[in-house]
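*Asks:* Okay, here's the structure, questions in a sec.
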Amino acid sequence: MCTNAQDPYQKFFQYLQVEKNASPNTLTAYTRGLSDWKEFLNEEGVDAGCLNAERLHVRLYLTAMHNKGLQRTSIARELSVLRTFYRFLKRESMILENPTSFTHFPSQPNRLPRFLYEEELQSLFEVCRGDDPLKQRDLAIIELLYATGIRVSECTNLKMTDLDFVTETVHVLGKGRKERYVPIGAFAIDALERYFEDGRKRLMREEAQRVFLNFRGLPLTDRGLRHTLTKRVQEASHTLRISPHSLRHTFATHLLNEGADLRSVQELLGHENLRTTQKYTHVTTDRLRHVYKGAHPRA
C-alpha cells in the first residue's frame, strides 16, 4: 500500500535524471514501460496514482503480456522496469512492500550474440566504397563501429571534437553519462578522413558539430543509422541478417578470439559488470579447431 502522497512517478523520474544520469533512451524506455503498467492497473481497478499494487497484479501483468504474444525478452525487460521502480519506492518509504519481490524473470533462450566473419565484413565494406558522399559516410560508420565497438547512440552522438587522430582515440559518452576513451584503428581513421575531406562537406548545409550527417545535412539519428546499415547489409548479401549491435558483438568476439583479456574488452565496451562482457566469450568453430590442433596430441 502506498504511504506517501507525493507523485511516485515524478519522483522516480527525478531520481533517474539527477542521481542516475539516465540517457534519453533509458528515460523513454521507462516512460513507455510505466505508462503500460499504469494503464493495466487502471483496467484492474487499482488506484494507479497511489500504486496499491500487489504481487498478484504483477503476475497478472506478466501473463497479459504473454497472452499478447510478447517475446520473453520483452517481458523480462518490462519486469526489469517495474523492479527498478518499486525498489526505488521501497527505498524512499513510499510503499510498505515491494510487489515485484519473488517474481522471477521469464526463462531466456541461451542465444549467442550474432557476429560477422571477416569475409562478411569485407563484403559490407565493399558496397560502401565509392565517391558518393553517403557511401563515404556509411563506410566511415561501419569501420568506426567495428574498430571501436561503440553503441549506436554513442556513434550518432559523436561530435567532431570527440575524435583525436593524433592520439588515435575517440571520446565516448556512454550509458549513465560515463566517459571513456577508445582506440581507433588505421582503417577507421582512413575512412573518417576521406569522409571529412569530401563526403561530409558535400552533405553539410551549415556548420555542424555532429560527426555523421544525413542527406539533408542534419545530424544522423539512431533510427537513421539502423536504416542505413540495413540497406547496406541487403546490398552486400541477401542472406545476411544483422543489426548495428552485431558490429559491437563482432568487435568483442574478434578481440577475445585473438587473445585479448576480458577485463580490457569490458573497459573498451563500457560495461559496468564483467558478467555482461562474458556473453562474448563464445569462440568460433575455426578458433576451436585451431586450439584443438595445437593442443591435442593426436589431432
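Following the order of the C-alpha cells, chains are lettered A, B, ..., residues in each are numbered from 1, and ligands are numbered from 1.
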Which residues, written as a ChimeraX atom specification, have at least one atom at most 9 Å from segment 221-236 of chain A, with only C-alpha atoms counted and residues fewer than 5 positions away on the same chain left out?

*Replies:* /A:120,123-128,138,141-142,152-153,155-157,212-214,241-244

*Asks:* Put those residues in a file: C-alpha atoms, as a PDB file, in the first residue's frame.

*Replies:*
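selection-v8.pdb was written with the following content:
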```
ATOM      1  CA  GLU A 120      31.219 -10.911 -44.325  1.00  0.00           C
ATOM      2  CA  SER A 123      31.558  -7.590 -48.376  1.00  0.00           C
ATOM      3  CA  LEU A 124      29.948  -4.922 -46.205  1.00  0.00           C
ATOM      4  CA  PHE A 125      32.933  -2.600 -46.637  1.00  0.00           C
ATOM      5  CA  GLU A 126      32.963  -3.155 -50.412  1.00  0.00           C
ATOM      6  CA  VAL A 127      29.381  -1.974 -51.005  1.00  0.00           C
ATOM      7  CA  CYS A 128      30.243   1.329 -49.314  1.00  0.00           C
ATOM      8  CA  ASP A 138      28.464   4.750 -44.340  1.00  0.00           C
ATOM      9  CA  ILE A 141      30.322   4.481 -39.752  1.00  0.00           C
ATOM     10  CA  ILE A 142      30.818   0.754 -40.306  1.00  0.00           C
ATOM     11  CA  VAL A 152      24.607   3.138 -31.943  1.00  0.00           C
ATOM     12  CA  SER A 153      23.627   6.062 -29.698  1.00  0.00           C
ATOM     13  CA  CYS A 155      28.091   6.796 -32.543  1.00  0.00           C
ATOM     14  CA  THR A 156      25.308   9.186 -33.559  1.00  0.00           C
ATOM     15  CA  ASN A 157      26.098  11.500 -30.624  1.00  0.00           C
ATOM     16  CA  PHE A 212      27.623  11.948 -39.008  1.00  0.00           C
ATOM     17  CA  LEU A 213      25.033  13.829 -41.070  1.00  0.00           C
ATOM     18  CA  ASN A 214      22.049  12.692 -43.124  1.00  0.00           C
ATOM     19  CA  ARG A 241      20.751 -10.501 -41.229  1.00  0.00           C
ATOM     20  CA  ILE A 242      22.491  -8.267 -38.698  1.00  0.00           C
ATOM     21  CA  SER A 243      21.857  -5.152 -36.636  1.00  0.00           C
ATOM     22  CA  PRO A 244      24.284  -2.340 -35.760  1.00  0.00           C
TER      23      PRO A 244
END
```

*Asks:* Run DSSP on the backbone and grab whatever in segment 110-238 of chain A lands in strand (DSSP E); send it over as a PyMOL selection string.

*Replies:* chain A and resi 163-164+169-173+179-183

*Asks:* What are the nearest atom pairs, with distances in Å to one decimal, for all residues of segment 49-75 of chain A that come at most 12 Å from segment 85-91 of chain A, using only C-alpha atoms, set out by chain and rising residue number as a Markdown table?

*Replies:*
```
| residue | atom | partner | partner_atom | distance |
| --- | --- | --- | --- | --- |
| A:Cys50 | CA | A:Leu89 | CA | 11.1 |
| A:Leu51 | CA | A:Tyr86 | CA | 9.7 |
| A:Asn52 | CA | A:Tyr86 | CA | 11.4 |
| A:Ala53 | CA | A:Tyr86 | CA | 10.1 |
| A:Glu54 | CA | A:Tyr86 | CA | 11.1 |
| A:Arg55 | CA | A:Tyr86 | CA | 11.5 |
| A:Val58 | CA | A:Tyr86 | CA | 11.3 |
```

*Asks:* Identify which of the residues A:Gln136, A:Gln17, A:Ser246, A:Thr281 lies closest to Gly199 of chain A, counting only C-alpha atoms when measuring atom-to-atom distances.

*Replies:*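 Smallest separation from Gly199 of chain A among the options: A:Gln136.
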
*Asks:* Near segment 179-181 of chain A, within 8 Å and counting only C-alpha atoms, which residues show up once chain neighbours fewer than 6 positions away are dropped, as JSON, numbers by chain?

*Replies:* {"A": [169, 170, 171, 172, 173, 268, 270]}

*Asks:* For Arg216 of chain A, please output as a ChimeraX atom specification all residues within 9 Å (counting only C-alpha atoms; exclusion window: fewer than 2 positions along the same chain).

*Replies:* /A:203-205,213-214,218-219

*Asks:* Write out, as a compact mmCIF listing (two decimals), in the first residue's frame, the residues just selected, with C-alpha atoms.

*Replies:*
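result_9.txt was written with the following content:
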```txt
# COMPACT_ATOMS: atom_id res chain seq x y z
CA LEU A 203 26.34 16.78 -47.05
CA MET A 204 26.75 19.77 -44.75
CA ARG A 205 24.31 22.66 -45.28
CA LEU A 213 25.03 13.83 -41.07
CA ASN A 214 22.05 12.69 -43.12
CA LEU A 218 21.15 17.26 -40.24
CA PRO A 219 22.60 15.03 -37.50
```

*Asks:* Nearest to Glu78 of chain A among A:Gly185, A:Gly33, A:Pro8, A:Gly174, with distances taken over only C-alpha atoms: which residue is it?

*Replies:*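 Checking each of A:Gly185, A:Gly33, A:Pro8, A:Gly174 against Glu78 of chain A, counting only C-alpha atoms, the winner is A:Gly33.
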
*Asks:* What are the DSSP alpha helix (DSSP H) residues of segment 71-274 of chain A, as an MDAnalysis selection string?

*Replies:* chainID A and resid 72:91 118:126 133:148 152:156 186:194 200:203 222:236 244:257 262:269 274

*Asks:* Can you tell me how far atom CA of Thr84 of chain A sits from atom CA of Arg177 of chain A, in Å to one decimal?

*Replies:*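 Between atom CA of Thr84 of chain A and atom CA of Arg177 of chain A the gap works out to 18.8 Å.
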
*Asks:* Which of these, A:Glu207, A:Glu39, A:Glu267, A:Glu143, has the shortest distance to Leu121 of chain A once you count only C-alpha atoms?

*Replies:*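 With only C-alpha atoms as the atom set, the closest residue is A:Glu143.
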
*Asks:* For a test of reading the model, state the distance in Å between atom CA of Thr167 of chain A and atom CA of Ala208 of chain A, rounded to one decimal.

*Replies:*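 Answer for the atom CA of Thr167 of chain A to atom CA of Ala208 of chain A separation: 23.1 Å.
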